[in-house]
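These notes concern the structure reproduced below.
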Amino acid sequence: MTTLIWLRDDLRLADHPALTAACAAAHGPVVALWIHETRRTDEENNRHGPRPLGAAARWWYHRSLQQLAPRLANLGIPLVLARGDAANVMRRVVDTVQPTCVHWTRRYAPAACRLDAAIKQELNSCTEVHSHPGSLLVEPWLMQTANGSHYQVFTPFSRAVADLPLGALLPEPSPVDAPDGAATALSTLREDGVLQNLEDLGLLDDGPAWWDDTLEQHWEPGELAARQQLDAIDGWLPGYAKRRDLPGEERSTSRISPRLRCGELSPRQALTAARSSTAAGEDIAAWTRQLYWREFCWHLLHYRGDLEDTPMRSAFAEFPYRPDDHLARAWRQGRTGIDLVDGGMWQLWQAGWMHNRVRMVAASLFTKNMLQPWQDGEQWFWDTLVDADEAINPVSWQWVAGSGADAAPYFRVFNPELQRSRFDPRSCYVERWIPAGLDRPIVPVVNLAESRREALAAYQQVSAASAADARPERG
DNA sequence: TGAAATGTTGGGGCG
DNA sequence: ACGCCCCAACATTTC
């Protein structure tokens, strides 16, 4: 009579419809499972499952799971861990544990949907499977434009979400009741090598040796710290609308993104906290808008599973990027000779995170002034950001690169020097993050004025080609 | 959630 | 008083 809850990107106890349902319906032990998933492809090269976590995100999950396990144990729920292909793991766990019911929080990337659907179909022969909302404010398929298609433009999308009553977004949360008893079949799985200790999951492999310590100085993963952060919203939300663009300010932004990434907080908790805060309307609106961006990115990814590496505007598949190891390396290493970008890349390397305005500037330099493919930059961010999100990261890169459906016009090329003087006028940010004595070029590796002109010229090729494509054929 | 080029206006210096 | 020029300060257009 065991109930299984498969945790994925929902590492919390509160506001957790799947966990609540698992505990409420349980007539016996509840077992929680988390899988360090690897992705596979099928015969037709379709991706299955979520994108494998990058190194920084793996560190976060490791720490967050470390926090979560004892808290689940207090509820009488053992957290078991496994590594590998999710379908295989699920098959073996279900065979052994024999749950009457399996619960999980829905995910929305097409590749993950395909995998979950396949697992659900396979398990349905022997057990009930229930998927629950919980990671988005609103299910993507409930948001439609007037003509019945999905949204492609942020502004009307955000208006439509904002107009929804809060009650329509997600069902009301109920507290988690501790189930009784604990599972017993787990030792078999442990002997079979299916289940692993956290330390053996491999989440900390492949990162730099010092990264664990460094990230530890900047972050405290786990739901409890996340809740404290959100509970203190009246301390940091006032002034957000103005301060959010100043990366050098203390508490410039909420830094809540990794919490949402792994589900230590639900987006609804975030939205509710904002709406009930004492901050000014413009601050609430500005921050809420960021939550809506997250929502919009997932909305897009749900319908465009390939946007991780494929430009949404197909003309950009022909963009004349000029991959260059020397330039790409200078960018990754924070040695471009351009203060704001180097500062950002060093913040990223040290804190596993970068202020959003700096992300835009760094991405603009990479894709435009340097003419490097946005996919390469996206991959670097994917590996180094603790908040690297399957939807937000590629959508944001495409937004900057100009290849997104609702992207910034290509000719919006940021001038990083101007951006620094405007948003970091006293160089607080730059000085904080660029290591003292770093060997860094005095002359920028790209000439900003000249490379800007070249980027605009390169764009002319693409826009001319796409105009030719759009022209109706004669005859 | 740009930047640069180009255009316009108006005040002040000056012949 | 007037025209002329310069140029800052905006505004508009273009990329």
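Chain labels follow the order of the structure tokens: the first chain is A, the next B, and so on; residue numbering restarts at 1 in every chain, and ligands are counted from 1 in their shown order.
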
All helix (DSSP H, G or I) residues (DSSP, backbone) inside stretch 166-336 of chain A, as a PyMOL selection string: chain A and resi 166-169+186-191+198-200+211-218+223-231+233-236+240-243+257-262+267-275+281-303+314-318+325-332

Residue hits in chain A, query chain C, radius 12 Å, only C-alpha atoms (C1' of nucleotides), as a ChimeraX atom specification: /A:409-413,452-457,459-460

Mind dumping the selected residues with N, CA and C atoms as a PDB file, in the first residue's frame?
ATOM      1  N   PRO A 409      14.854  43.762 -31.369  1.00  0.00           N
ATOM      2  CA  PRO A 409      15.291  43.945 -32.751  1.00  0.00           C
ATOM      3  C   PRO A 409      16.795  43.757 -32.830  1.00  0.00           C
ATOM      4  N   TYR A 410      17.264  43.174 -33.905  1.00  0.00           N
ATOM      5  CA  TYR A 410      18.681  42.819 -33.957  1.00  0.00           C
ATOM      6  C   TYR A 410      19.578  44.021 -33.732  1.00  0.00           C
ATOM      7  N   PHE A 411      19.142  45.154 -34.269  1.00  0.00           N
ATOM      8  CA  PHE A 411      20.034  46.314 -34.216  1.00  0.00           C
ATOM      9  C   PHE A 411      20.182  46.901 -32.822  1.00  0.00           C
ATOM     10  N   ARG A 412      19.476  46.359 -31.846  1.00  0.00           N
ATOM     11  CA  ARG A 412      19.751  46.771 -30.475  1.00  0.00           C
ATOM     12  C   ARG A 412      21.056  46.157 -30.008  1.00  0.00           C
ATOM     13  N   VAL A 413      22.129  46.817 -30.288  1.00  0.00           N
ATOM     14  CA  VAL A 413      23.431  46.349 -29.831  1.00  0.00           C
ATOM     15  C   VAL A 413      23.819  47.170 -28.612  1.00  0.00           C
ATOM     16  N   ARG A 452      30.455  46.564 -34.019  1.00  0.00           N
ATOM     17  CA  ARG A 452      29.033  46.867 -34.089  1.00  0.00           C
ATOM     18  C   ARG A 452      28.603  47.025 -35.549  1.00  0.00           C
ATOM     19  N   ARG A 453      29.391  47.774 -36.302  1.00  0.00           N
ATOM     20  CA  ARG A 453      29.062  47.958 -37.723  1.00  0.00           C
ATOM     21  C   ARG A 453      29.071  46.626 -38.465  1.00  0.00           C
ATOM     22  N   GLU A 454      30.052  45.787 -38.135  1.00  0.00           N
ATOM     23  CA  GLU A 454      30.122  44.480 -38.805  1.00  0.00           C
ATOM     24  C   GLU A 454      28.916  43.620 -38.461  1.00  0.00           C
ATOM     25  N   ALA A 455      28.489  43.700 -37.195  1.00  0.00           N
ATOM     26  CA  ALA A 455      27.325  42.906 -36.780  1.00  0.00           C
ATOM     27  C   ALA A 455      26.080  43.361 -37.535  1.00  0.00           C
ATOM     28  N   LEU A 456      25.923  44.659 -37.653  1.00  0.00           N
ATOM     29  CA  LEU A 456      24.754  45.164 -38.371  1.00  0.00           C
ATOM     30  C   LEU A 456      24.800  44.758 -39.835  1.00  0.00           C
ATOM     31  N   ALA A 457      26.013  44.756 -40.400  1.00  0.00           N
ATOM     32  CA  ALA A 457      26.155  44.333 -41.791  1.00  0.00           C
ATOM     33  C   ALA A 457      25.803  42.854 -41.936  1.00  0.00           C
ATOM     34  N   TYR A 459      23.790  41.210 -40.111  1.00  0.00           N
ATOM     35  CA  TYR A 459      22.335  41.078 -39.985  1.00  0.00           C
ATOM     36  C   TYR A 459      21.646  41.412 -41.307  1.00  0.00           C
ATOM     37  N   GLN A 460      22.214  42.344 -42.054  1.00  0.00           N
ATOM     38  CA  GLN A 460      21.619  42.709 -43.344  1.00  0.00           C
ATOM     39  C   GLN A 460      21.486  41.475 -44.247  1.00  0.00           C
TER      40      GLN A 460
END

Neighbours of chain A in chain B at 12 Å, counting only C-alpha atoms (C1' of nucleotides), as a list in words: DT1, DG2, DA3 and DA4 of chain B

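Atom to atom, atom CA of A:Ala185 and atom CA of A:Ala69 stand 18.1 Å apart.
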
Non-local contacts of A:Arg335 (9 Å; only C-alpha atoms (C1' of nucleotides); under 2 positions in same chain excluded) as a ChimeraX atom specification: /A:329-333,337-339,341-342,345,438-441,444-445

Atom-to-atom span, atom CA of A:Thr367 and atom CA of A:Ser466, Å: 19.3 Å

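When DSSP is run on the backbone, the residues of stretch 45-239 of chain A that fall into strand (DSSP E or B) are Arg47, His48, Leu79, Val80, Leu81, Ala82, Arg83, Gly84, Cys101, Val102, His103, Trp104, Thr105, Glu128, Val129, His130, Ser131, His132, Leu195 and Gln196 of chain A.
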
Residue contacts of A:Gly248 (10 Å, only C-alpha atoms (C1' of nucleotides)) excluding same-chain residues fewer than 6 positions away, as a list in words: His355, Phe423, Asp424, Pro425, Arg426, Ser427, Cys428, Tyr429, Val430, Glu431, Arg432 and Trp433 of chain A

Pick from A:Asp306, A:Asp9, A:Asp324, A:Asp376 nearest to A:Asn46, counting only C-alpha atoms: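 With only C-alpha atoms as the atom set, the closest residue is A:Asp306.
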
Length of the atom CA of A:Leu301 to atom CA of A:Thr145 vector [Å]: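 It comes out at 16.5 Å.
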